Each structure stands twice: as structure tokens, then as C-alpha cells.
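Peer 1: Sharing a structure with you now.
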Amino acid sequence: MTSSPARPRTGAVSTVSAETAPYPVVVIGADGHVEELNGAASDLLPAARPGRALPSPCWLATAGSADVPGPAAGAVDGRFFSAHPSALAGGGTAWWLVEETDYQLAVQELEAERGRTRFLTEASTALLASLNLDRCMEVTARLATEHLADAALVIAPTAAKKLPVIVCDHRGEVSRDTVAVTPDAMPGLAEALRGFPPVPSRWIDPAAAPDWVVPEGFGEVGSLVITPLPGHGVPAGALILLRRVQQAAFTDAEEALAGLFAARSGAAMSAARLYAEQNTISDILMRELLPPTLQQVEGVEFAGGYRPSKDTERVGGDFYDVHPPGDDSPETLAVLGDVAGKGLEAAVLTGKIRNTLHALLPLAGDHAHMLRLLNNAMRTSHHTRFATLVVASVRREEGGVALRLTAAGHPAPLIVRRDGTVEEADTGGTLIGVVPAITSRTAHVRLAPGETCVLFTDGVTEAKGGPLGDAFFGERRLKRAAAECAGMPAEAVVERIQMLISQWIGDGRHDDIAVMAITAPRGAHLSAVDGTTRGRYTA
């Protein structure tokens, strides 16, 4: 780049030695005619003649005719010059022409690079704003059309026979389609979908573009770029850029910019695809960890409610299950438990406990034996956590419901009578997963029509809240709440208790909370002929 000399100061000088000046010098008199020019100026301005007005360039001629000339700048035959005036005696002006072509090119390139950087920054922000794969593909196609080409196509890799394609046409309209073609049908596409480096656009014949690539009404394709969308170890797809024949072909710099944009788009699409896959896996696994939806079994009402310790989590250490009668177990088995800990790690162990209990259903007639086997299974696993639980064997009996309740280190269930009396079931035992030998005591309870057995975890009684936010909900409040639910259906009992606990906690922190209600039917079951669906009861 040509360095700029020290600019001559404007002032009255008597003479200017134009011939020895290191730069082109043009001396213009007070009448606007050229008085003198050196050899460098003659070569640069061949039309300039002494004694005549300067015909070109116009920017210099205009500046030279001004009453008070000031610095000027402009182009001469594709080269950029800045002109600096020096006042001469007699009213003339000597114009020193300093070439700044390289400087201007550097300034233009710097501005262009800033524009590319702004575009890539905006693209990254837009692409990372969503973890939805379809949204990322649409944003990629739209940004490419706005900044890089007249139309753009985003193609996702697939094992199916049809390629998923998102198109943003020359009108800015985004559409989605599937094309029943193989990638080999278009030169460079198969390689791009495999993640190979892009083929230079000058090697691709635009006339070879198949009809499905060219948007309707686009016209003739003048130039075409196919670049891969690299992902995290696996290609995320391919990006096709189209320009009309009226537009200039893609330059090497534009292809490089397209590659940088494609790298960001591919990373965003790969992250979105990975998130979608992990979310699908999580949903499949989560379905096995979530508490089930309870309903009537053999005419007995079952209802449950669960609230994890954090609102952002779906599972935790509390659980409940209801297993209908089978050939090996004539009674319905209900289980409610609490694993030490919170979050997903505790939920995984609850899943193992639930599966173990399901396998032990043929032994549900003997609660003590079933709990001993569960204790042995937990102690031989690699987990160091323990659990408490209560099991209930339920059967219809002469218009009421007979219960066998066994707690293992768990709070005793509450029995809500029709008159509002609340009793604790006489059951207790050793928690599960700590000591080699455990003991348990089973309570036998009978529920008259409309009476309810409430099973709950310690997250209910230990919920902190109240006026000062540091008081436990406690057993007394729970019994009072249960008494208010006398005669209510099982679902209403659970909802009432959960509502009171939520009001007590407010916005405070709490442990996992689980509640189950077992309610005896209030009369003869009329419309539920299969014994499990909802139906009406007689008074």
C-alpha cells in the first residue's frame, strides 16, 4: 500500500518545482486553466494541456474551479487519488495527487469483513435461538436467501428413499417438501450429504441442476453452490445456493463465506437433532418412571397425586403403584414409597423398586416375606440409598373393603371414617435397604362405604411453610385436612390434601410429595360391568 506523504500546508508560496515533485502535480491558475503539470501528472491525466481548462477528472476540475479550494478525492482510471491544494502567488493552486488505491481497497475489504462478521453473528444468534430442527432448517434457508443467494435449499440426510427439503425461493417464501430422488442424481450433493469438502461452483454446470432444485418462477440458473452442513461428528445435511443468470457468479470469497455460514448452521441443526433424539429417549424412559394414572379397580376407588421437589423436574424419589388382581394374587396390591434423595437418580431407583415389586406380586399374600426379598435385592445392588414404603392388599368384602396394611419405615396410613374420625393404622416396620434382617407389623382394617385410607410420604408432614415459612405442615394439620374429606371420593381427597399443602408451602422449597387415597364404594356399582371403569353408585 502506498504510504501517504506529509500533506503540504496551504499557504502562499512563490514557486513550485513540479518536475522534481515525487507525486503528480497539476498547477491551475486563477483563471481555471492548467498552467503546469509534471511528467507523472501528464501520464496520469493525458487530456490535460497547459493553457486549457482541466477536462477530467470532474472531481478535480470542480475542486480546482472553487474560490476556496479544499482537499478532494476521487478515482482516475480505476485508481483512487486524494488531491491536496497549495496556494501559489498570483492566485493559482498546485494540486498534489497522492495515490490511495491500496488504502481504499483495504478500507473496503475491512468494511466487507465487518459486514460478513455481522452476518455470521446474527446468523449464529438466530440459529441458536431454537432447538427445534425444522425451525433451524427454515432459518438456514431464509438467511442464505437474504444474504448469500437468490434462493436456497436445505436438505437433511435420511435413510428413507425421499429427501426432506426446505426451500426459500426468490420471493422469500419458505416451503417444505420431500423429493423422491437419490442424492447421486445431482453432482456434488451426495458428497455434501456425506460431509465431504464442497466442490467449487465453477466446476458445477448450472444447466445440470434438476427441476426439483429450481423453485417455480425462478428462471434460468446462472451459478450454483453446494456446500455440506457439518455437524457434531455426523453430517447435518447440505445447503444449495442458487443465483439467477442475471446476477454475478459466486466468487471464491462468497463461497468461503457460505462455508462459514454452513458450519454454524450445521452445528445448530446437529445440536437440535441431538436434542430431539435425547428428548425422545427421555420421554420413553420417563414414561416408565412417572407415577401411573389410577382408577377404580374391582369397584374400589384409587387416586394418587405426586409433586416433585422441583417444578422443573417430572420425577423424583416418591412413587406409588396399583397392581390389579391376577391368577397368583387375588387381591389388589397398592404400594406407596419414598426413596432417599431427589431428582432423576432417586427416580431410577424407584423404577427398580417398582419393577422388583411387580415381579414379587405372586408373593403379595405375605407382606413380610415380600418386603424381606425386596430388602435383600436392594442391599445386593450397587446403590447405597434406602427406601421406606407401605403396601396395601385390597379386596371387596360384603359391601365394604378389607385392607391389609404393612409399613416399612414409613408413616402409618390414616383411616378417615364417615363421621370425620381419623385413625392411624397400627402398622410399622424397618426401612428397606439398610440392615440384613427387617421386621414388620401388618394392620387389618375394614372400610365401610364412603370411608378412605390415606397413604402419604413424609414430604407431606415435613412440608415447610405457613405465615413465617419455617413451620412443618405436621401430622395434626394432615389429620384435620383428612377429617374435612370425610365421605369424599378418592380423587377429591387427594386434590384437597394437595391444595392445602400447596397453600402452606407457597413459593418455598419442599421435598417430593406423594399422596394416595383408597376409598370404599358408597353403594352398589351399577354401570361398571367390568369392575374397573367408572360407574354410578346407589345411595
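Letters for chains follow the order of the C-alpha cells (A, B, ...), residue numbers begin at 1 for each chain, and ligand numbers begin at 1 in the order shown.
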Using DSSP secondary structure from the backbone, list all alpha helix (DSSP H) positions within range 14-59 of chain A, as a list in words.
Peer 2: Gly39, Ala40, Ala41, Ser42, Asp43, Leu44, Cys58 and Trp59 of chain A
Peer 1: Could you save those same residues with C-alpha atoms as a compact mmCIF listing (two decimals), in the first residue's frame?
Peer 2:
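What ended up in result_24.txt:
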# COMPACT_ATOMS: atom_id res chain seq x y z
CA GLY A 39 5.59 14.18 -16.06
CA ALA A 40 3.77 11.99 -13.56
CA ALA A 41 0.67 14.17 -13.91
CA SER A 42 0.90 14.07 -17.72
CA ASP A 43 0.97 10.27 -17.64
CA LEU A 44 -1.96 10.19 -15.23
CA CYS A 58 -14.51 16.08 -12.93
CA TRP A 59 -13.93 15.88 -9.17
Peer 1: Write out as number ranges by chain the residues lying within 9 Å of Pro436 in chain A, counting only C-alpha atoms and excluding same-chain residues fewer than 4 positions away.
Peer 2: A: 372, 375-376, 379
Peer 1: List as a compact mmCIF listing (two decimals) with N, CA, C and O atoms, in the first residue's frame the protein and nucleic acid residues near Val245 in chain A, meaning an atom at most 6 Å away when only C-alpha atoms are counted, but skip any in the same chain fewer than 6 places from it.
Peer 2:
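In the end it all went to result_23.txt:
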# COMPACT_ATOMS: atom_id res chain seq x y z
N GLU A 220 -33.76 -18.98 -15.22
CA GLU A 220 -32.55 -19.73 -15.53
C GLU A 220 -31.52 -19.55 -14.41
O GLU A 220 -31.31 -18.45 -13.89
N VAL A 221 -30.88 -20.65 -14.05
CA VAL A 221 -29.86 -20.62 -13.00
C VAL A 221 -28.53 -20.19 -13.61
O VAL A 221 -28.05 -20.78 -14.58
N GLY A 222 -27.91 -19.14 -13.03
CA GLY A 222 -26.64 -18.66 -13.53
C GLY A 222 -25.45 -19.29 -12.84
O GLY A 222 -24.42 -19.57 -13.48
Peer 1: I'd like the neighbourhood of Asp77 in chain A as a CSV table (one decimal) with N, CA and C atoms, in the first residue's frame, where a residue qualifies if any of its atoms comes within 12 Å (using only C-alpha atoms), though same-chain residues fewer than 3 positions away should be ignored.
Peer 2:
chain,number,residue,atom,x,y,z
A,43,ASP,N,1.3,11.7,-17.4
A,43,ASP,CA,1.0,10.3,-17.6
A,43,ASP,C,-0.4,9.9,-17.0
A,44,LEU,N,-0.7,10.5,-15.9
A,44,LEU,CA,-2.0,10.2,-15.2
A,44,LEU,C,-3.1,10.9,-15.9
A,45,LEU,N,-2.9,12.1,-16.4
A,45,LEU,CA,-4.0,12.9,-17.0
A,45,LEU,C,-3.6,13.3,-18.4
A,46,PRO,N,-3.7,12.3,-19.3
A,46,PRO,CA,-3.2,12.6,-20.7
A,46,PRO,C,-4.0,13.7,-21.4
A,56,SER,N,-10.8,16.6,-17.2
A,56,SER,CA,-11.1,15.5,-16.3
A,56,SER,C,-10.0,15.2,-15.4
A,57,PRO,N,-10.2,14.6,-14.3
A,57,PRO,CA,-11.4,14.1,-13.8
A,57,PRO,C,-12.3,15.2,-13.3
A,74,GLY,N,-11.0,11.2,-5.4
A,74,GLY,CA,-11.8,10.5,-6.4
A,74,GLY,C,-11.0,9.5,-7.2
A,80,PHE,N,-7.5,5.3,-7.1
A,80,PHE,CA,-8.0,6.3,-6.2
A,80,PHE,C,-6.9,7.2,-5.8
A,81,PHE,N,-7.2,8.5,-5.9
A,81,PHE,CA,-6.3,9.5,-5.5
A,81,PHE,C,-6.9,10.5,-4.6
A,99,GLU,N,-1.7,8.8,-4.5
A,99,GLU,CA,-2.5,7.6,-4.7
A,99,GLU,C,-2.8,6.9,-3.4
A,101,THR,N,-5.0,4.0,-3.6
A,101,THR,CA,-5.8,2.9,-4.1
A,101,THR,C,-5.7,1.7,-3.1
Peer 1: Using DSSP on the backbone coordinates, identify the residues of range 229-462 of chain A assigned to strand (DSSP E); present them as an MDAnalysis selection string.
Peer 2: chainID A and resid 229 237:244 301:307 318:323 332:339 387:397 400:408 414:416 422:424 428:429 440:447 452:456
Peer 1: Give me the residues near Val335 in chain A as a PyMOL selection string, where near means some atom within 8 Å (using only C-alpha atoms) and where sequence neighbours in that chain fewer than 3 positions away do not count.
Peer 2: chain A and resi 320-322+389-392
Peer 1: Write the selection just made, keeping C-alpha atoms, as an mmCIF file, in the first residue's frame?
Peer 2:
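Here's the written file selection-v6.cif:
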data_model
loop_
_atom_site.group_PDB
_atom_site.id
_atom_site.type_symbol
_atom_site.label_atom_id
_atom_site.label_comp_id
_atom_site.auth_asym_id
_atom_site.auth_seq_id
_atom_site.Cartn_x
_atom_site.Cartn_y
_atom_site.Cartn_z
ATOM 1 C CA TYR A 320 -46.948 -45.229 44.015
ATOM 2 C CA ASP A 321 -48.435 -48.146 42.080
ATOM 3 C CA VAL A 322 -51.638 -50.152 41.972
ATOM 4 C CA LEU A 389 -42.794 -47.827 51.812
ATOM 5 C CA VAL A 390 -46.206 -49.078 52.735
ATOM 6 C CA VAL A 391 -48.043 -51.873 50.940
ATOM 7 C CA ALA A 392 -51.795 -52.386 50.994
#
Peer 1: By how many Å are CA of Phe196 in chain A and CA of Val225 in chain A apart?
Peer 2: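 According to the coordinates, CA of Phe196 in chain A and CA of Val225 in chain A are separated by 14.0 Å.
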Peer 1: Quick one: everything within 8 Å of Val493 in chain A, counting only C-alpha atoms, minus sequence neighbours fewer than 6 positions away in the same chain. Send it as a VMD selection string.
Peer 2: chain A and resid 482 485 517
Peer 1: Keeping only N, CA, C and O atoms, write the selected residues to a file as a short mmCIF file (atom, residue, chain, number, x, y, z; two decimals), in the first residue's frame.
Peer 2:
data_model
loop_
_atom_site.label_atom_id
_atom_site.label_comp_id
_atom_site.auth_asym_id
_atom_site.auth_seq_id
_atom_site.Cartn_x
_atom_site.Cartn_y
_atom_site.Cartn_z
N ALA A 482 -57.62 -34.37 56.55
CA ALA A 482 -58.26 -35.63 56.19
C ALA A 482 -59.67 -35.71 56.76
O ALA A 482 -60.59 -36.23 56.10
N CYS A 485 -62.29 -34.31 54.70
CA CYS A 485 -62.57 -35.05 53.46
C CYS A 485 -63.49 -36.25 53.69
O CYS A 485 -63.64 -37.10 52.80
N ALA A 517 -55.11 -42.24 47.88
CA ALA A 517 -56.36 -42.47 48.62
C ALA A 517 -57.01 -43.75 48.11
O ALA A 517 -57.11 -43.96 46.88
#
Peer 1: Between A:Pro467, A:Gly450, A:Gly399, A:Gly299, which one has atoms that come closest to Arg418 in chain A, using only C-alpha atoms?
Peer 2: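 Ranked by minimum distance to Arg418 in chain A, first place goes to A:Gly450.
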Peer 1: Here is a test: counting only C-alpha atoms, which residue of A:Thr121, A:Gln247, A:Ser309, A:Thr178 is nearest to Val213 in chain A?
Peer 2: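 Ranked by minimum distance to Val213 in chain A, first place goes to A:Thr178.
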